[in-house]
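Q: Contents of protein22.txt (compact mmCIF, C-alpha atoms) are below:
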```
# COMPACT_ATOMS: atom_id res chain seq x y z
CA MET A 1 -73.12 16.36 -1.53
CA LEU A 2 -75.76 14.22 0.16
CA SER A 3 -77.30 13.41 -3.21
CA SER A 4 -73.96 11.99 -4.39
CA TYR A 5 -73.89 9.66 -1.37
CA ALA A 6 -77.48 8.57 -2.03
CA ARG A 7 -76.62 7.87 -5.66
CA ARG A 8 -73.55 5.84 -4.67
CA TRP A 9 -75.58 3.84 -2.16
CA ARG A 10 -77.99 2.74 -4.89
CA ILE A 11 -75.18 1.50 -7.13
CA PHE A 12 -73.11 -0.15 -4.38
CA HIS A 13 -72.67 -3.91 -4.62
CA PRO A 14 -75.15 -5.75 -2.33
CA ASN A 15 -72.14 -6.98 -0.32
CA ILE A 16 -71.26 -3.40 0.62
CA ARG A 17 -74.80 -2.47 1.56
CA ALA A 18 -75.04 -5.59 3.76
CA PHE A 19 -71.72 -4.77 5.43
CA LEU A 20 -72.67 -1.15 6.12
CA VAL A 21 -76.02 -2.19 7.63
CA PHE A 22 -74.12 -4.68 9.82
CA ASP A 23 -71.61 -2.01 10.83
CA THR A 24 -74.39 0.40 11.79
CA CYS A 25 -75.90 -2.17 14.16
CA TYR A 26 -72.48 -3.13 15.47
CA GLN A 27 -71.32 0.43 16.18
CA LEU A 28 -74.61 1.36 17.88
CA ALA A 29 -74.41 -1.74 20.07
CA LEU A 30 -70.80 -0.97 20.95
CA THR A 31 -71.64 2.60 21.96
CA VAL A 32 -74.63 1.67 24.13
CA TYR A 33 -72.72 -1.15 25.83
CA GLY A 34 -69.71 1.06 26.50
CA LEU A 35 -71.92 3.75 28.00
CA TYR A 36 -73.00 1.52 30.90
CA PHE A 37 -70.25 -1.02 31.47
CA PRO A 38 -68.11 1.36 33.60
CA ARG A 39 -71.18 2.03 35.76
CA TYR A 40 -71.73 -1.72 36.06
CA LEU A 41 -68.17 -2.19 37.36
CA ILE A 42 -68.60 0.58 39.91
CA ALA A 43 -71.94 -0.91 41.01
CA LEU A 44 -70.09 -4.19 41.60
CA GLY A 45 -67.67 -2.38 43.89
CA HIS A 46 -64.65 -2.18 41.56
CA ALA A 47 -62.54 1.00 41.44
CA GLU A 48 -61.79 3.09 38.33
CA ASP A 49 -58.29 1.66 38.00
CA THR A 50 -59.87 -1.76 37.41
CA LEU A 51 -61.53 -0.47 34.24
CA GLY A 52 -58.20 0.90 33.04
CA SER A 53 -56.48 -2.43 33.65
CA LEU A 54 -59.24 -4.35 31.84
CA MET A 55 -59.07 -2.05 28.81
CA ALA A 56 -55.28 -2.30 28.79
CA ALA A 57 -55.52 -6.11 28.71
CA GLY A 58 -57.83 -5.93 25.68
CA THR A 59 -55.61 -3.40 23.89
CA ILE A 60 -52.50 -5.51 24.42
CA CYS A 61 -54.30 -8.52 22.91
CA ILE A 62 -55.34 -6.44 19.91
CA ALA A 63 -51.73 -5.40 19.37
CA LEU A 64 -50.46 -8.98 19.72
CA PHE A 65 -53.04 -10.76 17.57
CA SER A 66 -53.85 -8.29 14.77
CA LEU A 67 -51.18 -9.66 12.44
CA GLY A 68 -52.33 -13.25 12.97
CA ALA A 69 -55.93 -12.18 12.35
CA GLY A 70 -54.89 -10.59 9.06
CA ILE A 71 -53.08 -13.73 7.92
CA LEU A 72 -56.11 -15.85 8.87
CA SER A 73 -58.45 -13.53 6.97
CA ASP A 74 -56.33 -13.83 3.84
CA ARG A 75 -56.65 -17.61 4.13
CA ILE A 76 -60.29 -18.19 5.09
CA GLY A 77 -61.87 -15.12 3.48
CA ARG A 78 -63.36 -11.85 4.69
CA ARG A 79 -66.92 -13.10 5.29
CA ARG A 80 -65.90 -15.95 7.56
CA SER A 81 -63.46 -13.73 9.43
CA LEU A 82 -66.12 -11.10 10.09
CA ILE A 83 -68.79 -13.56 11.21
CA PHE A 84 -66.44 -15.64 13.36
CA GLY A 85 -64.62 -12.72 14.97
CA VAL A 86 -67.63 -10.53 15.74
CA SER A 87 -69.76 -13.44 16.99
CA ILE A 88 -67.19 -14.62 19.54
CA SER A 89 -66.32 -11.06 20.54
CA LYS A 90 -69.95 -10.18 21.26
CA ALA A 91 -70.50 -13.47 23.09
CA ALA A 92 -67.65 -12.39 25.39
CA PHE A 93 -69.39 -9.00 25.74
CA LEU A 94 -72.57 -10.69 26.87
CA LEU A 95 -70.76 -13.02 29.27
CA ARG A 96 -68.77 -10.27 30.99
CA GLY A 97 -72.02 -8.40 31.71
CA PHE A 98 -73.07 -11.27 34.00
CA LEU A 99 -69.75 -11.93 35.72
CA ILE A 100 -68.49 -10.55 39.00
CA ALA A 101 -65.10 -12.18 39.63
CA LEU A 102 -62.20 -10.07 38.36
CA PRO A 103 -60.22 -12.97 36.76
CA ALA A 104 -63.31 -13.90 34.72
CA LEU A 105 -63.70 -10.29 33.58
CA TYR A 106 -60.06 -10.22 32.50
CA GLY A 107 -60.65 -13.44 30.57
CA CYS A 108 -63.60 -11.92 28.72
CA TYR A 109 -61.61 -8.81 27.83
CA ILE A 110 -58.77 -10.98 26.52
CA VAL A 111 -61.13 -13.10 24.40
CA ASP A 112 -62.80 -9.97 23.05
CA GLY A 113 -59.42 -8.38 22.25
CA ILE A 114 -58.22 -11.49 20.41
CA PHE A 115 -61.28 -12.04 18.23
CA ILE A 116 -62.25 -8.44 17.48
CA THR A 117 -58.96 -8.22 15.57
CA MET A 118 -60.61 -10.37 12.88
CA TYR A 119 -63.16 -7.60 12.33
CA SER A 120 -60.55 -4.83 12.24
CA ALA A 121 -58.21 -6.81 9.94
CA ALA A 122 -60.88 -7.94 7.45
CA GLY A 123 -63.27 -4.97 7.36
CA THR A 124 -61.19 -2.44 5.43
CA PRO A 125 -59.98 -4.90 2.74
CA PHE A 126 -63.57 -6.15 2.38
CA ILE A 127 -64.81 -2.65 1.48
CA PHE A 128 -61.97 -2.16 -1.00
CA GLU A 129 -62.54 -5.48 -2.75
CA ASN A 130 -66.29 -5.04 -3.12
CA THR A 131 -66.36 -1.54 -4.59
CA ALA A 132 -65.53 -0.11 -7.99
CA SER A 133 -62.59 2.32 -8.07
CA GLU A 134 -64.85 5.37 -8.34
CA ASP A 135 -66.96 4.28 -5.34
CA ARG A 136 -64.28 3.33 -2.81
CA ILE A 137 -63.66 6.65 -1.13
CA HIS A 138 -67.44 7.14 -0.78
CA ALA A 139 -67.73 3.68 0.82
CA PHE A 140 -64.93 4.38 3.30
CA SER A 141 -66.46 7.77 4.03
CA ILE A 142 -69.87 6.25 4.74
CA GLN A 143 -68.29 3.78 7.14
CA GLY A 144 -66.51 6.61 8.92
CA MET A 145 -69.75 8.56 9.18
CA ILE A 146 -71.51 5.48 10.57
CA VAL A 147 -68.91 5.23 13.36
CA ARG A 148 -69.26 8.90 14.30
CA ALA A 149 -73.04 9.09 13.95
CA SER A 150 -73.43 5.89 15.97
CA GLY A 151 -71.45 7.50 18.77
CA ILE A 152 -73.78 10.48 18.84
CA VAL A 153 -77.04 8.52 18.43
CA GLY A 154 -75.94 5.67 20.69
CA ASN A 155 -74.98 7.97 23.56
CA THR A 156 -78.20 9.97 23.21
CA ALA A 157 -80.64 7.09 22.77
CA GLY A 158 -78.71 4.83 25.14
CA GLY A 159 -79.18 7.35 27.91
CA LEU A 160 -82.94 6.80 27.70
CA LEU A 161 -82.82 2.99 27.93
CA PRO A 162 -82.76 2.66 31.75
CA ARG A 163 -85.89 4.82 32.02
CA LEU A 164 -87.69 2.67 29.47
CA ILE A 165 -86.59 -0.54 31.21
CA LEU A 166 -87.74 0.75 34.61
CA ALA A 167 -91.03 1.86 33.10
CA VAL A 168 -91.63 -1.75 32.04
CA SER A 169 -90.12 -3.38 35.17
CA PRO A 170 -90.08 -0.84 38.04
CA GLY A 171 -88.64 -3.22 40.63
CA LEU A 172 -85.25 -3.81 39.01
CA ASP A 173 -82.08 -2.69 40.78
CA ASP A 174 -79.19 -0.92 39.00
CA ILE A 175 -77.24 -4.09 38.18
CA ALA A 176 -80.32 -5.77 36.67
CA VAL A 177 -81.00 -2.66 34.56
CA TYR A 178 -77.43 -2.60 33.27
CA ARG A 179 -77.57 -6.29 32.40
CA THR A 180 -80.80 -5.74 30.49
CA VAL A 181 -79.06 -2.99 28.51
CA PHE A 182 -76.16 -5.36 27.78
CA VAL A 183 -78.53 -8.04 26.46
CA LEU A 184 -80.34 -5.56 24.22
CA SER A 185 -77.10 -4.16 22.81
CA VAL A 186 -75.66 -7.63 22.09
CA LEU A 187 -78.92 -8.65 20.39
CA LEU A 188 -78.59 -5.56 18.18
CA ALA A 189 -75.03 -6.57 17.31
CA PHE A 190 -76.14 -10.10 16.36
CA ALA A 191 -78.95 -8.63 14.24
CA GLY A 192 -76.16 -6.92 12.32
CA VAL A 193 -74.17 -10.16 12.08
CA ARG A 194 -77.21 -11.67 10.36
CA GLN A 195 -76.55 -9.29 7.46
CA LEU A 196 -73.09 -10.80 6.96
CA TYR A 197 -74.63 -14.14 5.95
CA ALA A 198 -76.00 -12.46 2.81
CA ILE A 199 -72.48 -11.62 1.64
CA ARG A 200 -71.06 -13.52 -1.32
CA GLU A 201 -67.29 -13.32 -1.67
CA PRO A 202 -66.00 -12.81 -5.22
CA LEU A 203 -62.99 -15.12 -4.87
CA ALA A 204 -62.50 -18.04 -2.52
CA PRO A 205 -59.17 -18.12 -0.64
CA ALA A 206 -58.25 -21.48 -2.17
CA ALA A 207 -58.73 -20.05 -5.65
CA ALA A 208 -56.61 -17.06 -4.68
CA LEU A 209 -53.76 -19.33 -3.58
CA ALA A 210 -54.02 -21.34 -6.78
CA GLU A 211 -53.85 -18.11 -8.74
CA THR A 212 -50.67 -17.15 -6.89
CA ALA A 213 -49.07 -20.51 -7.57
CA ALA A 214 -49.91 -20.22 -11.27
CA ALA A 215 -48.39 -16.74 -11.39
CA HIS A 216 -45.05 -18.02 -9.99
CA PRO A 217 -44.05 -21.25 -11.83
CA THR A 218 -41.05 -23.01 -10.37
CA VAL A 219 -38.08 -23.04 -12.75
CA VAL A 220 -35.13 -25.33 -11.97
CA ALA A 221 -32.02 -26.33 -13.84
CA ALA A 222 -32.36 -29.33 -16.15
CA PRO A 223 -29.73 -32.06 -16.08
CA ASN A 224 -28.38 -30.95 -19.47
CA GLY A 225 -27.80 -27.40 -18.23
CA GLY A 226 -30.99 -25.97 -19.69
CA ASP A 227 -34.08 -24.64 -17.88
CA SER A 228 -37.16 -26.70 -17.37
CA SER A 229 -40.37 -26.16 -15.42
CA LEU A 230 -40.72 -29.33 -13.43
CA PRO A 231 -44.04 -30.25 -11.78
CA SER A 232 -42.04 -32.59 -9.55
CA ALA A 233 -40.90 -29.70 -7.36
CA PRO A 234 -44.11 -28.70 -5.61
CA ARG A 235 -42.52 -27.67 -2.32
CA LEU A 236 -41.14 -24.35 -3.58
CA ALA A 237 -44.36 -23.65 -5.45
CA ARG A 238 -46.36 -24.20 -2.28
CA LEU A 239 -43.93 -22.00 -0.40
CA ARG A 240 -44.35 -19.17 -2.89
CA ALA A 241 -48.12 -19.65 -2.97
CA ASN A 242 -48.24 -19.31 0.81
CA PHE A 243 -46.04 -16.20 0.72
CA PRO A 244 -47.58 -14.09 -2.03
CA TRP A 245 -45.74 -10.89 -1.12
CA THR A 246 -43.57 -9.04 -3.62
CA ARG A 247 -40.59 -6.95 -2.60
CA ALA A 248 -42.42 -3.78 -3.67
CA GLU A 249 -45.37 -4.60 -1.40
CA LEU A 250 -43.12 -5.24 1.60
CA VAL A 251 -41.24 -1.97 1.07
CA PHE A 252 -44.50 -0.08 0.67
CA LEU A 253 -45.98 -1.61 3.84
CA VAL A 254 -42.95 -0.61 5.93
CA GLN A 255 -43.00 2.93 4.52
CA TYR A 256 -46.73 3.34 5.04
CA THR A 257 -46.56 1.94 8.57
CA VAL A 258 -43.89 4.52 9.47
CA THR A 259 -46.08 7.44 8.34
CA ALA A 260 -49.28 6.04 9.91
CA SER A 261 -47.62 5.21 13.23
CA LEU A 262 -46.22 8.73 13.56
CA ILE A 263 -49.77 10.09 13.16
CA SER A 264 -50.95 7.67 15.87
CA MET A 265 -48.13 8.80 18.12
CA GLY A 266 -49.07 12.45 17.67
CA ALA A 267 -52.80 11.93 18.09
CA ASN A 268 -52.40 9.88 21.27
CA HIS A 269 -50.35 12.63 22.89
CA VAL A 270 -53.40 14.90 22.57
CA LEU A 271 -56.79 13.20 22.14
CA PRO A 272 -57.00 10.96 25.25
CA PHE A 273 -56.36 14.01 27.46
CA MET A 274 -58.53 16.66 25.81
CA ASN A 275 -61.15 16.39 28.54
CA THR A 276 -58.68 17.01 31.36
CA PHE A 277 -56.82 19.62 29.26
CA LEU A 278 -59.99 21.71 29.00
CA ILE A 279 -60.74 21.29 32.70
CA ARG A 280 -57.27 22.16 34.01
CA THR A 281 -56.37 24.86 31.49
CA PHE A 282 -59.72 26.66 31.19
CA ASP A 283 -61.56 25.42 34.29
CA ALA A 284 -64.27 24.24 31.88
CA GLY A 285 -67.39 22.67 33.38
CA PRO A 286 -69.07 19.50 32.09
CA ASP A 287 -71.48 21.49 29.91
CA VAL A 288 -68.67 23.40 28.20
CA VAL A 289 -66.59 20.25 27.68
CA GLY A 290 -69.65 18.53 26.19
CA VAL A 291 -70.20 21.36 23.72
CA VAL A 292 -66.54 21.35 22.63
CA LEU A 293 -66.46 17.57 22.14
CA SER A 294 -69.80 17.60 20.29
CA ALA A 295 -68.54 20.34 17.96
CA ALA A 296 -65.46 18.22 17.26
CA GLN A 297 -67.70 15.23 16.42
CA LEU A 298 -69.69 17.37 14.00
CA ALA A 299 -66.48 18.61 12.36
CA THR A 300 -65.36 15.00 12.04
CA LEU A 301 -68.57 14.06 10.22
CA LEU A 302 -68.21 17.00 7.83
CA GLY A 303 -64.57 16.11 7.18
CA ILE A 304 -65.46 12.54 6.27
CA MET A 305 -68.24 13.74 3.96
CA VAL A 306 -65.98 15.98 1.86
CA ALA A 307 -63.18 13.39 1.52
CA PRO A 308 -64.37 11.98 -1.85
CA ALA A 309 -64.64 15.44 -3.41
CA LEU A 310 -61.21 16.38 -2.08
CA GLY A 311 -59.58 13.24 -3.49
CA ALA A 312 -61.29 13.66 -6.86
CA ARG A 313 -60.27 17.31 -7.13
CA PHE A 314 -56.65 17.23 -6.00
CA GLY A 315 -55.62 13.56 -6.03
CA ILE A 316 -55.10 11.21 -3.11
CA THR A 317 -51.49 11.77 -2.04
CA PRO A 318 -51.51 15.59 -2.35
CA SER A 319 -54.74 15.70 -0.31
CA VAL A 320 -53.32 13.49 2.45
CA LEU A 321 -50.11 15.52 2.61
CA VAL A 322 -51.93 18.87 2.79
CA THR A 323 -54.35 17.72 5.53
CA ARG A 324 -51.43 16.56 7.67
CA LEU A 325 -49.55 19.82 7.19
CA MET A 326 -52.68 21.87 7.95
CA ALA A 327 -53.05 20.06 11.28
CA LEU A 328 -49.77 21.59 12.52
CA PRO A 329 -51.05 25.17 13.01
CA MET A 330 -54.16 23.76 14.73
CA LEU A 331 -51.97 21.96 17.26
CA LEU A 332 -49.92 25.12 17.68
CA VAL A 333 -53.05 27.11 18.56
CA MET A 334 -54.19 24.45 21.02
CA ALA A 335 -50.79 24.44 22.73
CA PHE A 336 -50.29 28.18 23.15
CA SER A 337 -53.70 29.91 22.99
CA ARG A 338 -55.53 30.77 26.19
CA GLN A 339 -58.80 31.60 24.45
CA LEU A 340 -61.24 28.72 24.91
CA TRP A 341 -63.25 29.47 21.75
CA LEU A 342 -60.05 29.52 19.67
CA VAL A 343 -58.82 26.22 21.14
CA ALA A 344 -62.25 24.64 20.55
CA ALA A 345 -62.23 25.80 16.90
CA ALA A 346 -58.69 24.51 16.36
CA TYR A 347 -59.54 21.17 17.96
CA SER A 348 -62.63 20.76 15.77
CA PHE A 349 -60.70 21.71 12.65
CA ARG A 350 -57.89 19.27 13.50
CA ASN A 351 -60.40 16.45 13.96
CA GLY A 352 -62.07 17.28 10.66
CA LEU A 353 -58.72 17.29 8.83
CA HIS A 354 -57.67 13.99 10.40
CA GLN A 355 -60.89 12.18 9.48
CA MET A 356 -61.00 13.84 6.07
CA SER A 357 -57.84 11.99 5.08
CA ALA A 358 -58.86 8.59 6.56
CA PRO A 359 -60.92 7.34 3.56
CA LEU A 360 -58.15 8.56 1.25
CA THR A 361 -55.37 6.77 3.12
CA ASN A 362 -57.40 3.54 3.29
CA THR A 363 -57.87 3.59 -0.48
CA PHE A 364 -54.24 4.55 -1.04
CA MET A 365 -52.85 1.73 1.10
CA LEU A 366 -55.02 -1.08 -0.26
CA ALA A 367 -54.51 -0.06 -3.89
CA HIS A 368 -50.82 -0.93 -3.51
CA LEU A 369 -51.48 -4.45 -2.22
CA SER A 370 -52.82 -7.62 -3.81
CA ARG A 371 -56.02 -9.24 -2.62
CA LYS A 372 -54.02 -12.04 -1.02
CA THR A 373 -52.00 -9.69 1.19
CA ARG A 374 -54.42 -6.89 2.12
CA ALA A 375 -55.79 -8.31 5.37
CA THR A 376 -52.32 -9.44 6.50
CA ALA A 377 -50.99 -5.94 5.80
CA ASN A 378 -53.95 -4.34 7.57
CA GLY A 379 -53.46 -6.65 10.55
CA PHE A 380 -49.77 -5.76 10.72
CA LEU A 381 -50.63 -2.06 10.58
CA GLN A 382 -53.30 -2.41 13.30
CA SER A 383 -50.90 -4.33 15.50
CA PHE A 384 -48.12 -1.79 15.13
CA GLN A 385 -50.41 1.21 15.57
CA ASN A 386 -52.04 -0.22 18.69
CA GLY A 387 -48.62 -0.79 20.19
CA VAL A 388 -47.56 2.76 19.35
CA SER A 389 -50.85 4.14 20.71
CA ALA A 390 -50.50 2.30 24.01
CA LEU A 391 -46.90 3.49 24.42
CA SER A 392 -47.86 7.06 23.45
CA MET A 393 -50.69 7.23 25.98
CA PHE A 394 -48.28 6.07 28.67
CA THR A 395 -45.53 8.55 27.74
CA SER A 396 -47.94 11.44 27.27
CA GLY A 397 -49.29 10.89 30.78
CA LEU A 398 -45.74 11.13 32.15
CA ILE A 399 -44.97 14.21 30.04
CA ILE A 400 -48.14 16.02 31.12
CA THR A 401 -47.53 15.22 34.78
CA ARG A 402 -43.94 16.42 34.74
CA TYR A 403 -43.82 19.18 32.12
CA GLY A 404 -47.43 20.15 31.39
CA TYR A 405 -49.82 19.95 28.45
CA ARG A 406 -47.85 22.29 26.21
CA THR A 407 -44.90 19.87 26.02
CA SER A 408 -47.24 17.04 25.06
CA PHE A 409 -48.67 19.19 22.25
CA GLU A 410 -45.14 19.95 21.07
CA VAL A 411 -44.36 16.23 20.88
CA ALA A 412 -47.57 15.77 18.84
CA MET A 413 -46.52 18.55 16.44
CA CYS A 414 -43.12 16.92 15.91
CA ALA A 415 -44.77 13.57 15.19
CA TYR A 416 -47.19 15.14 12.68
CA ALA A 417 -44.37 17.03 10.96
CA LEU A 418 -42.26 13.87 10.67
CA SER A 419 -45.25 11.95 9.29
CA ALA A 420 -45.86 14.60 6.63
CA PHE A 421 -42.17 14.65 5.73
CA PHE A 422 -41.90 10.89 5.35
CA PHE A 423 -45.19 10.73 3.42
CA TRP A 424 -43.78 13.30 1.00
CA LEU A 425 -40.44 11.47 0.83
CA PHE A 426 -41.92 8.02 0.21
CA PHE A 427 -45.05 8.69 -1.86
CA VAL A 428 -45.12 12.22 -3.30
CA ARG A 429 -41.62 13.16 -4.34
CA GLY A 430 -40.63 12.85 -8.01
CA SER A 431 -42.53 10.41 -10.20
CA ALA A 432 -44.86 9.38 -7.35
CA VAL A 433 -46.91 12.56 -7.89
CA ALA A 434 -47.84 11.66 -11.45
CA ARG A 435 -48.46 8.04 -10.54
CA GLU A 436 -50.84 8.78 -7.67
CA ARG A 437 -52.81 11.50 -9.46
CA SER A 438 -54.13 8.78 -11.71
CA LEU A 439 -54.64 6.29 -8.88
CA ASP A 440 -57.99 4.58 -9.34
CA GLY A 441 -57.51 1.56 -7.17
CA GLU A 442 -57.28 -0.74 -10.17
CA THR A 443 -53.51 -0.74 -10.56
CA ALA A 444 -51.76 -3.87 -11.69
CA VAL A 445 -50.85 -4.65 -8.09
CA ALA A 446 -54.36 -4.21 -6.80
CA GLY A 447 -55.85 -6.30 -9.56
CA ARG A 448 -53.72 -9.37 -9.01
```
Take the structure in the file and give it back as structure tokens.
A:
Amino acid sequence: MLSSYARRWRIFHPNIRAFLVFDTCYQLALTVYGLYFPRYLIALGHAEDTLGSLMAAGTICIALFSLGAGILSDRIGRRRSLIFGVSISKAAFLLRGFLIALPALYGCYIVDGIFITMYSAAGTPFIFENTASEDRIHAFSIQGMIVRASGIVGNTAGGLLPRLILAVSPGLDDIAVYRTVFVLSVLLAFAGVRQLYAIREPLAPAAALAETAAAHPTVVAAPNGGDSSLPSAPRLARLRANFPWTRAELVFLVQYTVTASLISMGANHVLPFMNTFLIRTFDAGPDVVGVVLSAAQLATLLGIMVAPALGARFGITPSVLVTRLMALPMLLVMAFSRQLWLVAAAYSFRNGLHQMSAPLTNTFMLAHLSRKTRATANGFLQSFQNGVSALSMFTSGLIITRYGYRTSFEVAMCAYALSAFFFWLFFVRGSAVARERSLDGETAVAGR
């Protein structure tokens, strides 16, 4: 399995290799920064609820601006979107590490939330557009593994940074140490951004718009009753060039968003509260919780690794449907079992199944969209999912407080079941099975 990834890496387009090196630096920097920023706030005298409010402000901005970021990416190109968005976002990261006033911290979180949407909207379409059909699932899988491995490595190595800093400068106080960590992590992120300058986009946005206009000539009625293509009616042509969506793409996006948002709803009724669930249900100590969460991270990595083989063996849509259905008994075990080892195994297996399908669903979604609409569609999806996630975390907290964890798990099971049903209804039933078994990412829609 590892040899297949090594072989794919060698044949990847240089754009993909540059992006994945950038993403490794970016994810590591994000993990190390996030490890110490809550401590920095506490050292400044802020309470824990302040951190929650700051994160909520950033999440709301992500939900509000993701669609606009996708539209902008489709217009200016993926490379510019990535460089511009990540650079401003990390500049806000650096600035908030040196600020004390709460309004200024809120401002930095808002700026970060607005501009990081350009990374999230452009990143997935960029991978799709710079890989051959047989390499795409491997590329998405590698990116997923980078995110998970960066979390493990970043938390481990990041924990050693204060000791190293104090060994070099023993007189620093806690706030100065944290700020040094922030500077180092942001420098690592900008070292990754340097890789993005090596990217060469295959098609400029202006050329893409011209291609759309050429594909939709304006036909108007001639004075004699016949049809004539008149170059003197550029307004409609410009309108159609600036709205390159087909009806099939719009219908697909709505259907896909329904299934994806139901998964987000289910996951956010469980995952944000796993730590407290283990503590309150099993009286688990920090060491036990750490082992359970680490095992889940390992299962996630393994799930991402086997995704290409699963898609090649069974097809994309059947694999996605089966992984969602198999998550239901895992949630059932977590809700009703009182054996810690069994709950830990079910949780790890659920995480592996969820991440196993992620590279497949990314490939599936983008293969049904043209190059001129992918980032807009991805931005719309991110915006909708972030809104659903925020609402789900709020409602799950109320449900757990009033009715207990089991009810929250039951809500998650219903959401997963509905997602699997609608995925089957929209994409698997009837002729969709035969169509998606041969899906290679180079359909007529994807190649426009």
Q: Fewer than 4 positions away in the same chain doesn't count, so skip those; otherwise give me all residues within 12 Å of range 22-24 of chain A, counting all atoms listed in the file, as number ranges by chain.
A: A: 15-18, 28-31, 79, 82-83, 86, 119-120, 123-124, 127, 140, 142-151, 153-154, 188-199
Q: I'd like the interatomic distance between CA of Ala358 in chain A and CA of Ile152 in chain A, to a tenth of an Å.
A: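 Taking CA of Ala358 in chain A and CA of Ile152 in chain A, their separation equals 19.4 Å.
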Q: Using only C-alpha atoms, which of A:Leu41, A:Ala121, A:Val288, A:Leu301 sits nearest Asn351 in chain A?
A: A:Leu301
Q: Compile the contact shell of range 99-113 of chain A as number ranges by chain: residues with an atom at most 12 Å away, counting only C-alpha atoms, same-chain residues fewer than 6 positions apart removed.
A: A: 37, 40-47, 50-66, 69, 84-93, 119-120, 175, 179, 383, 386
Q: With distances taken over all atoms listed in the file, which of A:Arg402, A:Arg200, A:Arg10, A:His368 is nearest to Gly77 in chain A?
A: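 Once distances to Gly77 in chain A are computed over all atoms listed in the file, the minimum belongs to A:Arg200.
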Q: Counting all atoms listed in the file, figure out which residue out of A:Val291, A:Leu166, A:Ile11, A:Leu160 gets nearest to Leu35 in chain A.
A: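 Residue with the minimum atom-to-atom distance to Leu35 in chain A: A:Leu160.
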Q: In Å, rounded to a single decimal, give me how far CA of Phe364 in chain A is from CA of Pro308 in chain A.
A: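 That distance, rounded to one decimal, is 12.6 Å.
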Q: Pick out the closest residue to Ser337 in chain A from this set: A:Thr361, A:Gln385, A:Thr281, A:Gln27. Count all atoms listed in the file.
A: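 Under the stated criterion, the closest residue is A:Thr281.
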Q: Write out as a list of chain:residue names which residues come within 12 Å of Phe421 in chain A when counting all atoms listed in the file, dropping same-chain ones fewer than 5 positions away.
A: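 What passes the distance filter is A:Gln255, A:Val258, A:Thr259, A:Ala260, A:Leu262, A:Ile263, A:Val320, A:Leu321, A:Val322, A:Arg324, A:Leu325, A:Cys414, A:Ala415, A:Tyr416, A:Phe426, A:Phe427, A:Val428, A:Arg429.
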Q: Which one of A:Ala345, A:Met365, A:Met265, A:Ala327 sits closest to Ser294 in chain A if you count all atoms listed in the file?
A: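 Checking each of A:Ala345, A:Met365, A:Met265, A:Ala327 against Ser294 in chain A, counting all atoms listed in the file, the winner is A:Ala345.
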Q: Within 10 Å of (-46.7, 20.5, 20.5) (file coordinates; all atoms listed in the file), which protein or nucleic acid residues are there? I'd like them as a compact mmCIF listing (two decimals) with C-alpha atoms, keeping the file's coordinate frame.
A:
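Writing done, so here's result_6.txt:
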```txt
# COMPACT_ATOMS: atom_id res chain seq x y z
CA GLY A 266 -49.07 12.45 17.67
CA HIS A 269 -50.35 12.63 22.89
CA VAL A 270 -53.40 14.90 22.57
CA LEU A 328 -49.77 21.59 12.52
CA PRO A 329 -51.05 25.17 13.01
CA MET A 330 -54.16 23.76 14.73
CA LEU A 331 -51.97 21.96 17.26
CA LEU A 332 -49.92 25.12 17.68
CA VAL A 333 -53.05 27.11 18.56
CA MET A 334 -54.19 24.45 21.02
CA ALA A 335 -50.79 24.44 22.73
CA PHE A 336 -50.29 28.18 23.15
CA TYR A 405 -49.82 19.95 28.45
CA ARG A 406 -47.85 22.29 26.21
CA THR A 407 -44.90 19.87 26.02
CA SER A 408 -47.24 17.04 25.06
CA PHE A 409 -48.67 19.19 22.25
CA GLU A 410 -45.14 19.95 21.07
CA VAL A 411 -44.36 16.23 20.88
CA ALA A 412 -47.57 15.77 18.84
CA MET A 413 -46.52 18.55 16.44
CA CYS A 414 -43.12 16.92 15.91
CA ALA A 415 -44.77 13.57 15.19
CA TYR A 416 -47.19 15.14 12.68
```
Q: Counting all atoms listed in the file, which of A:Ala296, A:Val168, A:Val186, A:Leu381 gets nearest to Phe252 in chain A?
A: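 Closest residue, counting all atoms listed in the file: A:Leu381.
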Q: Find the distance between CA of Val32 in chain A and CA of Thr156 in chain A and write it in Å to one decimal.
A: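 So the two atoms, CA of Val32 in chain A and CA of Thr156 in chain A, lie 9.1 Å apart.
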